[in-house]
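Just data-v1.txt here, compact mmCIF, C-alpha atoms:
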```
# COMPACT_ATOMS: atom_id res chain seq x y z
CA MET A 1 70.96 103.23 120.45
CA ALA A 2 69.75 99.70 121.00
CA THR A 3 72.54 97.90 119.18
CA GLU A 4 74.87 95.44 120.90
CA TYR A 5 78.11 96.86 119.60
CA HIS A 6 77.63 99.99 121.72
CA ALA A 7 78.03 98.06 124.97
CA LYS A 8 81.16 99.18 126.81
CA ASN A 9 84.00 97.00 128.16
CA ASN A 10 83.06 94.13 125.91
CA ASP A 11 85.62 92.27 123.76
CA THR A 12 83.07 91.47 121.06
CA ASN A 13 82.03 95.10 121.03
CA ASN A 14 85.62 96.26 120.60
CA GLN A 15 86.15 93.85 117.71
CA THR A 16 83.00 95.10 115.99
CA LEU A 17 84.00 98.73 116.50
CA SER A 18 87.37 98.03 114.89
CA LYS A 19 85.58 96.65 111.83
CA VAL A 20 83.29 99.65 111.32
CA LEU A 21 85.93 102.37 111.74
CA ASP A 22 87.16 103.80 108.46
CA ARG A 23 90.71 102.73 107.72
CA GLY A 24 93.19 102.80 104.88
CA GLY A 25 94.51 99.89 102.87
CA GLU A 26 97.68 99.16 100.94
CA VAL A 27 99.11 102.05 98.95
CA ARG A 28 98.14 101.67 95.30
CA GLU A 29 100.78 100.93 92.70
CA GLY A 30 102.32 104.10 91.33
CA GLU A 31 100.99 106.21 94.22
CA ALA A 32 103.69 105.56 96.82
CA LEU A 33 104.32 108.38 99.29
CA ASP A 34 107.84 109.49 100.22
CA ASP A 35 107.09 109.27 103.93
CA LYS A 36 110.69 109.96 104.96
CA ALA A 37 110.60 113.27 103.09
CA VAL A 38 107.24 114.08 104.70
CA SER A 39 108.56 113.24 108.18
CA THR A 40 111.65 115.38 107.67
CA TRP A 41 109.50 118.30 106.51
CA LEU A 42 107.04 117.92 109.41
CA ARG A 43 109.91 118.10 111.89
CA THR A 44 111.18 121.31 110.25
CA GLN A 45 107.70 122.74 110.89
CA GLY A 46 108.01 121.98 114.59
CA ILE A 47 105.52 119.08 114.52
CA ASP A 48 106.16 116.57 117.31
CA ILE A 49 106.35 113.15 115.64
CA GLU A 50 108.11 110.05 116.94
CA GLY A 51 109.66 107.43 114.67
CA GLU A 52 108.65 106.77 111.08
CA PRO A 53 105.01 106.27 110.10
CA THR A 54 103.03 103.26 109.02
CA VAL A 55 101.47 104.48 105.76
CA THR A 56 98.15 103.34 104.37
CA GLN A 57 95.96 104.84 101.65
CA PHE A 58 92.23 105.47 101.54
CA SER A 59 90.26 104.22 98.57
CA GLY A 60 87.53 106.87 98.78
CA GLY A 61 87.65 110.27 97.13
CA ALA A 62 87.16 111.06 93.49
CA SER A 63 90.38 112.92 92.78
CA ASN A 64 92.91 113.75 95.49
CA TRP A 65 95.04 111.05 97.11
CA THR A 66 94.60 110.55 100.86
CA TYR A 67 97.06 108.76 103.15
CA ARG A 68 97.09 107.86 106.83
CA LEU A 69 100.40 108.37 108.67
CA GLN A 70 100.48 106.46 111.96
CA TYR A 71 103.42 107.68 114.05
CA ASN A 72 104.18 106.41 117.54
CA ASN A 73 102.56 109.52 119.01
CA GLN A 74 100.44 110.98 116.20
CA ASP A 75 97.71 109.76 113.88
CA LEU A 76 97.70 112.02 110.83
CA ILE A 77 96.09 112.31 107.39
CA LEU A 78 97.92 113.65 104.33
CA ARG A 79 96.11 114.95 101.24
CA ARG A 80 97.79 115.63 97.90
CA PRO A 81 96.67 115.99 94.26
CA PRO A 82 97.14 113.11 91.83
CA LYS A 83 100.26 113.03 89.70
CA GLY A 84 100.26 114.64 86.30
CA THR A 85 97.56 117.24 86.95
CA LYS A 86 98.15 120.68 85.48
CA ALA A 87 94.92 122.41 86.54
CA LYS A 88 95.75 123.46 90.10
CA SER A 89 92.30 124.98 90.52
CA ALA A 90 90.86 121.45 90.37
CA HIS A 91 93.22 120.03 93.00
CA ASP A 92 94.05 123.09 95.09
CA MET A 93 95.56 121.94 98.38
CA VAL A 94 96.11 125.51 99.55
CA ARG A 95 92.42 126.32 99.11
CA GLU A 96 91.29 123.11 100.82
CA TYR A 97 93.63 123.71 103.77
CA THR A 98 92.77 127.40 104.04
CA VAL A 99 89.00 126.96 104.16
CA GLN A 100 89.23 124.34 106.90
CA GLU A 101 91.69 126.41 108.92
CA ALA A 102 89.40 129.44 108.54
CA LEU A 103 86.36 127.44 109.69
CA LYS A 104 88.00 125.84 112.74
CA ASP A 105 86.51 128.24 115.30
CA ALA A 106 83.10 128.59 113.65
CA TYR A 107 82.30 125.08 112.48
CA PRO A 108 82.96 122.11 114.79
CA TYR A 109 83.08 119.44 112.07
CA VAL A 110 86.37 120.31 110.36
CA PRO A 111 89.45 118.25 111.23
CA LYS A 112 92.32 120.06 112.94
CA MET A 113 94.85 121.28 110.41
CA VAL A 114 98.49 120.48 111.17
CA ALA A 115 100.60 121.94 108.35
CA LEU A 116 100.51 123.03 104.70
CA CYS A 117 103.39 122.45 102.29
CA THR A 118 103.68 124.46 99.07
CA ASP A 119 107.25 123.37 98.36
CA GLU A 120 106.90 120.85 95.54
CA GLU A 121 110.49 119.74 96.12
CA VAL A 122 109.33 117.73 99.14
CA ILE A 123 107.10 115.14 97.40
CA GLY A 124 106.51 116.69 93.97
CA ALA A 125 103.23 118.46 94.80
CA ASP A 126 101.55 120.69 97.33
CA PHE A 127 100.05 118.78 100.25
CA TYR A 128 98.58 119.32 103.67
CA VAL A 129 98.45 117.30 106.86
CA MET A 130 95.62 117.16 109.37
CA GLU A 131 94.74 115.17 112.45
CA ARG A 132 92.79 111.98 111.80
CA MET A 133 89.21 111.93 113.04
CA GLU A 134 88.33 108.39 114.06
CA GLY A 135 84.88 107.31 113.00
CA ILE A 136 82.69 105.74 110.34
CA ILE A 137 82.57 107.02 106.75
CA PRO A 138 79.45 105.63 105.02
CA ARG A 139 80.97 105.53 101.50
CA ALA A 140 78.74 103.46 99.18
CA ASN A 141 77.14 101.66 102.12
CA LEU A 142 77.29 101.61 105.89
CA PRO A 143 79.43 98.75 107.26
CA LYS A 144 77.37 95.56 107.40
CA GLU A 145 77.85 95.42 111.17
CA ILE A 146 75.68 98.53 111.56
CA VAL A 147 71.95 97.89 111.35
CA LEU A 148 69.78 100.96 111.91
CA THR A 149 66.07 101.08 112.52
CA SER A 150 63.89 103.32 110.36
CA ALA A 151 63.85 105.91 113.15
CA GLN A 152 67.65 105.81 113.46
CA THR A 153 68.07 106.11 109.70
CA ARG A 154 65.82 109.16 109.69
CA LYS A 155 67.83 110.66 112.55
CA LEU A 156 71.07 110.07 110.65
CA CYS A 157 69.72 111.78 107.52
CA THR A 158 68.36 114.70 109.55
CA ASN A 159 71.68 115.13 111.35
CA VAL A 160 73.59 115.18 108.04
CA ILE A 161 71.25 117.89 106.74
CA ASP A 162 71.52 119.84 110.01
CA ALA A 163 75.33 119.82 109.71
CA LEU A 164 74.97 121.40 106.26
CA ILE A 165 72.58 124.02 107.64
CA GLU A 166 75.11 124.85 110.35
CA LEU A 167 77.73 125.48 107.66
CA HIS A 168 75.37 127.83 105.82
CA GLN A 169 74.93 129.82 109.04
CA VAL A 170 78.66 130.55 109.45
CA ASP A 171 79.35 134.29 109.22
CA TYR A 172 81.91 134.25 106.40
CA GLN A 173 82.30 138.02 106.54
CA GLU A 174 84.15 137.67 109.83
CA HIS A 175 87.13 135.97 108.18
CA PRO A 176 89.19 137.31 105.23
CA ASP A 177 90.08 133.79 104.01
CA LEU A 178 86.39 132.89 103.75
CA LEU A 179 85.60 136.18 102.00
CA ALA A 180 88.21 135.28 99.39
CA LEU A 181 86.60 131.92 98.57
CA GLY A 182 84.39 133.13 95.74
CA ARG A 183 82.43 135.96 94.19
CA GLY A 184 79.16 135.09 95.91
CA ASP A 185 76.53 137.14 94.10
CA GLY A 186 75.56 135.73 90.71
CA TYR A 187 76.32 132.16 91.74
CA CYS A 188 73.19 130.63 90.18
CA GLU A 189 73.78 132.35 86.83
CA ARG A 190 77.44 131.27 86.82
CA GLN A 191 76.44 127.67 87.51
CA VAL A 192 73.93 127.49 84.65
CA SER A 193 76.06 129.36 82.11
CA GLY A 194 79.22 127.53 83.15
CA TRP A 195 77.71 124.07 82.78
CA ASP A 196 76.14 125.11 79.47
CA LYS A 197 79.54 126.10 78.09
CA ARG A 198 81.18 122.93 79.39
CA TYR A 199 78.47 120.79 77.77
CA VAL A 200 79.06 122.44 74.40
CA LYS A 201 82.82 121.93 74.66
CA ALA A 202 82.49 118.29 75.74
CA LYS A 203 79.65 117.33 73.37
CA THR A 204 80.31 114.53 70.89
CA PRO A 205 78.27 113.75 67.74
CA ASN A 206 76.50 110.78 69.36
CA VAL A 207 74.68 112.84 72.01
CA PRO A 208 71.81 115.34 71.65
CA SER A 209 72.36 119.09 71.77
CA PHE A 210 69.72 119.62 74.50
CA ALA A 211 69.34 123.07 72.93
CA LEU A 212 65.78 123.59 74.21
CA VAL A 213 66.69 122.46 77.71
CA ARG A 214 69.74 124.71 77.80
CA GLN A 215 67.72 127.67 76.50
CA TRP A 216 65.02 127.05 79.11
CA LEU A 217 67.57 126.89 81.92
CA GLY A 218 69.14 130.14 80.74
CA LYS A 219 65.78 131.92 80.70
CA HIS A 220 64.61 130.53 84.03
CA THR A 221 67.75 130.73 86.12
CA PRO A 222 66.61 131.80 89.60
CA ALA A 223 67.99 134.84 91.33
CA ASP A 224 70.30 134.16 94.26
CA SER A 225 68.45 133.77 97.55
CA SER A 226 71.49 134.55 99.72
CA THR A 227 75.24 134.03 99.92
CA CYS A 228 77.01 131.74 102.35
CA VAL A 229 79.81 129.19 102.59
CA ILE A 230 78.77 126.13 100.60
CA HIS A 231 80.61 122.81 100.62
CA ASN A 232 79.68 121.94 97.01
CA ASP A 233 80.24 118.17 97.38
CA TRP A 234 77.91 117.31 100.25
CA ARG A 235 77.24 113.57 100.38
CA PHE A 236 77.38 110.69 102.83
CA ASP A 237 80.91 109.56 102.03
CA ASN A 238 82.22 113.02 102.89
CA VAL A 239 80.95 112.90 106.47
CA ILE A 240 82.39 111.06 109.48
CA LEU A 241 79.99 109.39 111.91
CA ASP A 242 80.50 108.65 115.60
CA ALA A 243 81.36 104.95 115.99
CA ASN A 244 79.38 104.84 119.24
CA ASP A 245 76.36 106.50 117.65
CA PRO A 246 76.31 106.17 113.84
CA THR A 247 73.48 108.70 113.57
CA LYS A 248 75.77 111.49 114.83
CA VAL A 249 78.00 113.53 112.50
CA ILE A 250 81.42 114.34 113.98
CA GLY A 251 83.33 115.46 110.89
CA VAL A 252 83.08 116.73 107.31
CA LEU A 253 85.73 116.01 104.68
CA ASP A 254 86.74 117.00 101.14
CA TRP A 255 86.53 120.79 101.03
CA GLU A 256 88.14 121.01 97.59
CA MET A 257 85.13 122.71 95.95
CA ALA A 258 83.95 124.87 98.87
CA THR A 259 83.09 128.40 97.86
CA LEU A 260 80.72 131.30 98.50
CA GLY A 261 77.40 130.75 96.79
CA ASP A 262 73.68 130.22 97.06
CA PRO A 263 72.61 127.56 99.58
```

Would you write the structure of this file as structure tokens?
Amino acid sequence: MATEYHAKNNDTNNQTLSKVLDRGGEVREGEALDDKAVSTWLRTQGIDIEGEPTVTQFSGGASNWTYRLQYNNQDLILRRPPKGTKAKSAHDMVREYTVQEALKDAYPYVPKMVALCTDEEVIGADFYVMERMEGIIPRANLPKEIVLTSAQTRKLCTNVIDALIELHQVDYQEHPDLLALGRGDGYCERQVSGWDKRYVKAKTPNVPSFALVRQWLGKHTPADSSTCVIHNDWRFDNVILDANDPTKVIGVLDWEMATLGDP
């Protein structure tokens, strides 16, 4: 890429790279992590960590809380559900951990899983820990330091789509944990009927019934074309880009809603 910040052994380049890498900020009020309890638990799992971590929190993500734990010898990410949730299916750390662990040999974009905790006595909720993948997360916008040409932007978009295609080509039948993700067949019908029911339950008097639209969708729901592993929340701020080549995808995050369904 013809951008100055990719030059090697350059102080200005290193400063620019540090600005574009995704990083956490201060932990939000009311969302403090008991890092001492986490460290103690990690050591009981045989994880080699030195000292106590510097803890920061990521602002991205629509539901689950994500923290960075910087130990002297390890750079880790912890994911946990928000406080107060009762619907575990909506914030299922076991599912999110399991799908990534199951994909590790078949799909090169998943972070390396470190440990899963289902003992809520540790921090009050299930959580899992994974290795941090250093790179750029686009979020709402790319960092202002990154200026791509039209050709580079096209390459980025194509690479993001190609990473999704690679996921759809994973042979889920080779792994029991992937087979258990969902029912597969009938996915399209479940999507249409499920959202129809949720609309009816959530509808308030100040919005239209959309009765004709809902009837049309029910009558014209397509048959499934095939079944594969689908991410179900595929978007730019769930991918990690290579800091030395922001058109290249190196990681995929947020597997909370992954399932078996129609691509």

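Restricting the calculation to only C-alpha atoms, the smallest distance between Thr44 in chain A and any of A:Ala32, A:Cys117, A:Ala163, A:Gly218 is found for A:Cys117.
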
Quick one: residues within 9 Å of range 92-108 of chain A, all atoms listed in the file counted, chain neighbours fewer than 5 positions away excluded, as a PDB file with C-alpha atoms, in the coordinates of the input?
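Saved result, around.pdb, follows:
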```pdb
ATOM      1  CA  ARG A  79      96.110 114.950 101.240  1.00  0.00           C
ATOM      2  CA  ARG A  80      97.790 115.630  97.900  1.00  0.00           C
ATOM      3  CA  PRO A  81      96.670 115.990  94.260  1.00  0.00           C
ATOM      4  CA  ALA A  87      94.920 122.410  86.540  1.00  0.00           C
ATOM      5  CA  MET A 113      94.850 121.280 110.410  1.00  0.00           C
ATOM      6  CA  ALA A 115     100.600 121.940 108.350  1.00  0.00           C
ATOM      7  CA  LEU A 116     100.510 123.030 104.700  1.00  0.00           C
ATOM      8  CA  CYS A 117     103.390 122.450 102.290  1.00  0.00           C
ATOM      9  CA  THR A 118     103.680 124.460  99.070  1.00  0.00           C
ATOM     10  CA  ASP A 126     101.550 120.690  97.330  1.00  0.00           C
ATOM     11  CA  PHE A 127     100.050 118.780 100.250  1.00  0.00           C
ATOM     12  CA  TYR A 128      98.580 119.320 103.670  1.00  0.00           C
ATOM     13  CA  VAL A 129      98.450 117.300 106.860  1.00  0.00           C
ATOM     14  CA  MET A 130      95.620 117.160 109.370  1.00  0.00           C
ATOM     15  CA  GLU A 166      75.110 124.850 110.350  1.00  0.00           C
ATOM     16  CA  LEU A 167      77.730 125.480 107.660  1.00  0.00           C
ATOM     17  CA  VAL A 170      78.660 130.550 109.450  1.00  0.00           C
ATOM     18  CA  ASP A 171      79.350 134.290 109.220  1.00  0.00           C
ATOM     19  CA  TYR A 172      81.910 134.250 106.400  1.00  0.00           C
ATOM     20  CA  HIS A 175      87.130 135.970 108.180  1.00  0.00           C
ATOM     21  CA  PRO A 176      89.190 137.310 105.230  1.00  0.00           C
ATOM     22  CA  ASP A 177      90.080 133.790 104.010  1.00  0.00           C
ATOM     23  CA  LEU A 178      86.390 132.890 103.750  1.00  0.00           C
ATOM     24  CA  LEU A 181      86.600 131.920  98.570  1.00  0.00           C
ATOM     25  CA  ILE A 250      81.420 114.340 113.980  1.00  0.00           C
ATOM     26  CA  GLY A 251      83.330 115.460 110.890  1.00  0.00           C
ATOM     27  CA  ASP A 254      86.740 117.000 101.140  1.00  0.00           C
ATOM     28  CA  TRP A 255      86.530 120.790 101.030  1.00  0.00           C
ATOM     29  CA  GLU A 256      88.140 121.010  97.590  1.00  0.00           C
ATOM     30  CA  MET A 257      85.130 122.710  95.950  1.00  0.00           C
ATOM     31  CA  ALA A 258      83.950 124.870  98.870  1.00  0.00           C
ATOM     32  CA  THR A 259      83.090 128.400  97.860  1.00  0.00           C
TER      33      THR A 259
END
```

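Closest to Glu131 in chain A among A:Val114, A:Ala151, A:Ile165, A:Leu156 is A:Val114, based on all atoms listed in the file.
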
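Closest approach to Leu33 in chain A among A:Tyr67, A:Tyr109, A:Trp234, A:Trp216 is made by A:Tyr67 (distances from only C-alpha atoms).
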
Which is closest to Thr40 in chain A among A:Ala243, A:Val27, A:Phe210, A:Ile123, if we use only C-alpha atoms?
A:Ile123

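Taking all atoms listed in the file into account, Pro143 in chain A lies nearest to A:Asp22 out of the set A:Asp224, A:Asp196, A:Glu50, A:Asp22.
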